[in-house]
file my_file.cif (mmCIF, N, CA and C atoms)
data_upload
loop_
_atom_site.label_atom_id
_atom_site.label_comp_id
_atom_site.auth_asym_id
_atom_site.auth_seq_id
_atom_site.Cartn_x
_atom_site.Cartn_y
_atom_site.Cartn_z
N MET A 1 88.20 111.71 185.58
CA MET A 1 87.91 110.70 186.58
C MET A 1 86.41 110.45 186.70
N ILE A 2 85.62 111.50 186.77
CA ILE A 2 84.18 111.32 186.91
C ILE A 2 83.63 110.62 185.68
N GLY A 3 84.09 111.05 184.47
CA GLY A 3 83.63 110.43 183.23
C GLY A 3 83.96 108.95 183.19
N GLN A 4 85.16 108.60 183.65
CA GLN A 4 85.55 107.19 183.65
C GLN A 4 84.68 106.39 184.61
N ALA A 5 84.33 106.99 185.74
CA ALA A 5 83.48 106.32 186.71
C ALA A 5 82.08 106.10 186.14
N ILE A 6 81.57 107.09 185.40
CA ILE A 6 80.25 106.96 184.78
C ILE A 6 80.26 105.84 183.75
N VAL A 7 81.28 105.82 182.89
CA VAL A 7 81.38 104.77 181.88
C VAL A 7 81.50 103.41 182.55
N ALA A 8 82.31 103.30 183.58
CA ALA A 8 82.49 102.03 184.29
C ALA A 8 81.17 101.57 184.89
N THR A 9 80.39 102.49 185.44
CA THR A 9 79.10 102.14 186.01
C THR A 9 78.14 101.64 184.94
N ILE A 10 78.10 102.36 183.81
CA ILE A 10 77.23 101.95 182.70
C ILE A 10 77.62 100.55 182.23
N LEU A 11 78.92 100.33 182.09
CA LEU A 11 79.40 99.03 181.60
C LEU A 11 79.05 97.91 182.56
N SER A 12 79.12 98.17 183.86
CA SER A 12 78.90 97.12 184.83
C SER A 12 77.44 96.72 184.96
N ILE A 13 76.50 97.62 184.58
CA ILE A 13 75.08 97.28 184.73
C ILE A 13 74.41 96.92 183.42
N SER A 14 75.14 97.00 182.30
CA SER A 14 74.54 96.77 180.99
C SER A 14 75.03 95.48 180.36
N ILE A 15 74.11 94.60 180.03
CA ILE A 15 74.47 93.38 179.31
C ILE A 15 73.42 93.16 178.23
N VAL A 16 73.79 93.44 176.97
CA VAL A 16 72.90 93.24 175.84
C VAL A 16 73.71 92.55 174.75
N ALA A 17 73.23 91.46 174.21
CA ALA A 17 73.97 90.72 173.19
C ALA A 17 73.78 91.38 171.82
N GLY A 18 74.75 91.18 170.94
CA GLY A 18 74.65 91.67 169.58
C GLY A 18 76.00 92.07 169.03
N ALA A 19 76.08 92.22 167.71
CA ALA A 19 77.32 92.62 167.06
C ALA A 19 77.33 94.12 166.84
N ALA A 20 78.49 94.67 166.48
CA ALA A 20 78.62 96.10 166.27
C ALA A 20 79.35 96.36 164.95
N ALA A 21 79.00 97.47 164.29
CA ALA A 21 79.66 97.90 163.06
C ALA A 21 80.34 99.24 163.32
N THR A 22 81.51 99.45 162.70
CA THR A 22 82.28 100.67 162.92
C THR A 22 82.46 101.42 161.61
N GLU A 23 82.38 102.75 161.69
CA GLU A 23 82.62 103.61 160.54
C GLU A 23 83.30 104.90 160.98
N MET A 24 84.02 105.52 160.06
CA MET A 24 84.64 106.81 160.34
C MET A 24 83.62 107.90 160.02
N VAL A 25 83.55 108.93 160.87
CA VAL A 25 82.62 110.03 160.68
C VAL A 25 83.39 111.35 160.74
N GLU A 26 82.82 112.39 160.14
CA GLU A 26 83.44 113.72 160.16
C GLU A 26 82.40 114.75 160.54
N PHE A 27 82.84 115.76 161.31
CA PHE A 27 82.01 116.88 161.69
C PHE A 27 82.76 118.16 161.38
N LYS A 28 82.05 119.19 160.94
CA LYS A 28 82.68 120.49 160.74
C LYS A 28 82.57 121.30 162.03
N GLY A 29 83.71 121.83 162.47
CA GLY A 29 83.73 122.65 163.66
C GLY A 29 83.27 124.06 163.37
N LYS A 30 83.24 124.88 164.39
CA LYS A 30 82.78 126.26 164.25
C LYS A 30 83.60 127.03 163.23
N GLY A 31 84.90 126.83 163.22
CA GLY A 31 85.78 127.50 162.28
C GLY A 31 85.98 126.72 160.99
N GLN A 32 85.07 125.80 160.69
CA GLN A 32 85.10 124.95 159.50
C GLN A 32 86.22 123.90 159.52
N GLU A 33 86.91 123.74 160.64
CA GLU A 33 87.88 122.66 160.74
C GLU A 33 87.13 121.34 160.78
N ILE A 34 87.76 120.30 160.32
CA ILE A 34 87.11 118.99 160.29
C ILE A 34 87.59 118.16 161.48
N VAL A 35 86.64 117.63 162.21
CA VAL A 35 86.91 116.76 163.35
C VAL A 35 86.47 115.36 162.95
N ARG A 36 87.38 114.40 163.08
CA ARG A 36 87.09 113.02 162.68
C ARG A 36 86.95 112.13 163.91
N GLY A 37 86.13 111.12 163.77
CA GLY A 37 85.94 110.18 164.85
C GLY A 37 85.56 108.82 164.31
N ARG A 38 85.56 107.85 165.19
CA ARG A 38 85.18 106.48 164.84
C ARG A 38 83.88 106.19 165.59
N LEU A 39 82.84 105.83 164.83
CA LEU A 39 81.52 105.57 165.39
C LEU A 39 81.23 104.07 165.31
N THR A 40 80.93 103.48 166.46
CA THR A 40 80.60 102.07 166.53
C THR A 40 79.14 101.96 166.94
N LYS A 41 78.34 101.23 166.12
CA LYS A 41 76.91 101.12 166.37
C LYS A 41 76.51 99.66 166.48
N PRO A 42 75.53 99.38 167.36
CA PRO A 42 75.02 98.00 167.43
C PRO A 42 74.16 97.69 166.21
N GLU A 43 73.95 96.41 165.95
CA GLU A 43 73.05 96.01 164.88
C GLU A 43 71.62 96.31 165.29
N GLY A 44 70.77 96.44 164.29
CA GLY A 44 69.36 96.63 164.58
C GLY A 44 68.94 98.08 164.47
N LYS A 45 67.66 98.28 164.77
CA LYS A 45 67.06 99.59 164.70
C LYS A 45 67.17 100.28 166.05
N GLY A 46 67.56 101.55 166.03
CA GLY A 46 67.66 102.34 167.25
C GLY A 46 66.29 102.82 167.68
N PRO A 47 66.21 103.72 168.58
CA PRO A 47 67.33 104.48 169.12
C PRO A 47 68.15 103.66 170.13
N PHE A 48 69.43 104.04 170.24
CA PHE A 48 70.34 103.39 171.17
C PHE A 48 70.91 104.44 172.13
N PRO A 49 71.22 104.06 173.36
CA PRO A 49 71.96 104.97 174.24
C PRO A 49 73.37 105.15 173.67
N ALA A 50 74.02 106.26 173.99
CA ALA A 50 75.34 106.56 173.42
C ALA A 50 76.36 106.88 174.50
N VAL A 51 77.61 106.56 174.19
CA VAL A 51 78.74 106.86 175.06
C VAL A 51 79.82 107.50 174.21
N ILE A 52 80.44 108.56 174.73
CA ILE A 52 81.59 109.18 174.06
C ILE A 52 82.84 108.72 174.79
N LEU A 53 83.76 108.08 174.06
CA LEU A 53 85.02 107.62 174.64
C LEU A 53 86.07 108.71 174.44
N LEU A 54 86.49 109.32 175.51
CA LEU A 54 87.50 110.37 175.45
C LEU A 54 88.86 109.78 175.76
N HIS A 55 89.86 110.20 175.00
CA HIS A 55 91.21 109.66 175.21
C HIS A 55 91.95 110.46 176.27
N GLY A 56 93.00 109.86 176.76
CA GLY A 56 93.87 110.51 177.73
C GLY A 56 94.96 111.31 177.03
N CYS A 57 95.99 111.67 177.76
CA CYS A 57 97.08 112.50 177.24
C CYS A 57 97.85 111.85 176.10
N LEU A 58 97.88 110.54 176.05
CA LEU A 58 98.65 109.85 175.03
C LEU A 58 97.86 109.58 173.75
N GLY A 59 96.62 110.02 173.69
CA GLY A 59 95.82 109.85 172.49
C GLY A 59 95.11 108.51 172.44
N ILE A 60 94.55 108.21 171.27
CA ILE A 60 93.80 106.97 171.07
C ILE A 60 94.76 105.84 170.75
N ASP A 61 94.57 104.71 171.40
CA ASP A 61 95.29 103.50 170.99
C ASP A 61 94.30 102.35 170.88
N ARG A 62 94.78 101.17 170.61
CA ARG A 62 93.91 100.05 170.26
C ARG A 62 92.89 99.67 171.33
N HIS A 63 93.21 99.88 172.60
CA HIS A 63 92.25 99.45 173.62
C HIS A 63 90.94 100.22 173.55
N TYR A 64 90.94 101.42 172.97
CA TYR A 64 89.69 102.16 172.79
C TYR A 64 88.79 101.45 171.77
N ASN A 65 89.37 100.86 170.74
CA ASN A 65 88.60 100.10 169.77
C ASN A 65 87.93 98.89 170.42
N VAL A 66 88.65 98.24 171.31
CA VAL A 66 88.10 97.09 172.03
C VAL A 66 86.90 97.51 172.86
N TRP A 67 87.04 98.64 173.58
CA TRP A 67 85.92 99.13 174.39
C TRP A 67 84.74 99.54 173.52
N ALA A 68 85.01 100.19 172.39
CA ALA A 68 83.92 100.62 171.50
C ALA A 68 83.16 99.40 170.98
N LYS A 69 83.86 98.36 170.57
CA LYS A 69 83.20 97.15 170.09
C LYS A 69 82.41 96.48 171.21
N ARG A 70 82.96 96.46 172.40
CA ARG A 70 82.26 95.87 173.54
C ARG A 70 80.98 96.65 173.83
N LEU A 71 81.07 97.97 173.85
CA LEU A 71 79.88 98.79 174.07
C LEU A 71 78.83 98.55 172.99
N GLY A 72 79.28 98.44 171.74
CA GLY A 72 78.36 98.15 170.64
C GLY A 72 77.67 96.82 170.81
N SER A 73 78.40 95.82 171.28
CA SER A 73 77.80 94.50 171.48
C SER A 73 76.80 94.52 172.63
N TRP A 74 76.92 95.51 173.52
CA TRP A 74 75.98 95.64 174.64
C TRP A 74 74.81 96.56 174.31
N GLY A 75 74.76 97.06 173.05
CA GLY A 75 73.62 97.87 172.64
C GLY A 75 73.84 99.37 172.69
N TYR A 76 75.09 99.83 172.82
CA TYR A 76 75.41 101.25 172.88
C TYR A 76 76.09 101.73 171.59
N VAL A 77 75.82 102.96 171.22
CA VAL A 77 76.60 103.64 170.19
C VAL A 77 77.80 104.23 170.91
N ALA A 78 79.00 104.05 170.34
CA ALA A 78 80.22 104.59 170.96
C ALA A 78 80.94 105.48 169.94
N LEU A 79 81.26 106.69 170.36
CA LEU A 79 82.00 107.62 169.51
C LEU A 79 83.35 107.87 170.14
N GLN A 80 84.40 107.62 169.32
CA GLN A 80 85.76 107.91 169.78
C GLN A 80 86.23 109.17 169.10
#
call {"tool": "encode", "arguments": {"input": "my_file.cif", "output": "structure tokens"}}
result
Amino acid sequence: MIGQAIVATILSISIVAGAAATEMVEFKGKGQEIVRGRLTKPEGKGPFPAVILLHGCLGIDRHYNVWAKRLGSWGYVALQ
């Protein structure tokens, strides 16, 4: 709940125009397991502020992609 409120606040005060590009990324965990995510970045040279989009109990669905693209168009890096 607190995280959602923070993201909502950031979204409501941020308006930056631009397009976003998305790519799949991988990280190795402590036990060498691979964690995959989708990284959406705005065009241009950074640094950029970043937001981590955490899913609920039902996992990731398409509306997270919409939010990631929207955040990217506003100048944020978004990691799902």
call {"tool": "atom_distance", "arguments": {"input": "my_file.cif", "atom1": "CA of His55 in chain A", "atom2": "atom C of Glu43 in chain A"}}
result
25.7 Å
call {"tool": "resolve_selection", "arguments": {"input": "my_file.cif", "expression": "the PyMOL selection byres (((chain A and resi 54 and name CA) around 10) and name CA)", "output": "PyMOL selection string"}}
result
chain A and resi 3-4+51-53+55-57+59-60+64+79-80
call {"tool": "atom_distance", "arguments": {"input": "my_file.cif", "atom1": "atom C of Ala68 in chain A", "atom2": "atom N of Leu39 in chain A"}}
result
8.9 Å
call {"tool": "resolve_selection", "arguments": {"input": "my_file.cif", "expression": "the PyMOL selection byres (((chain A and resi 25 and name CA) around 8) and name CA)", "output": "PyMOL selection string"}}
result
chain A and resi 23-24+26-27+36-39
call {"tool": "closest_residue", "arguments": {"input": "my_file.cif", "among": "A:Gly72, A:Thr22, A:Val77, A:His63", "to": "Ala50 in chain A", "atoms": "only C-alpha atoms"}}
result
A:Val77
call {"tool": "closest_residue", "arguments": {"input": "my_file.cif", "among": "A:Lys41, A:Pro47, A:Glu33, A:Trp67", "to": "Ala21 in chain A", "atoms": "all atoms listed in the file"}}
result
A:Lys41
call {"tool": "atom_distance", "arguments": {"input": "my_file.cif", "atom1": "CA of Thr40 in chain A", "atom2": "CA of Ala20 in chain A"}}
result
6.3 Å
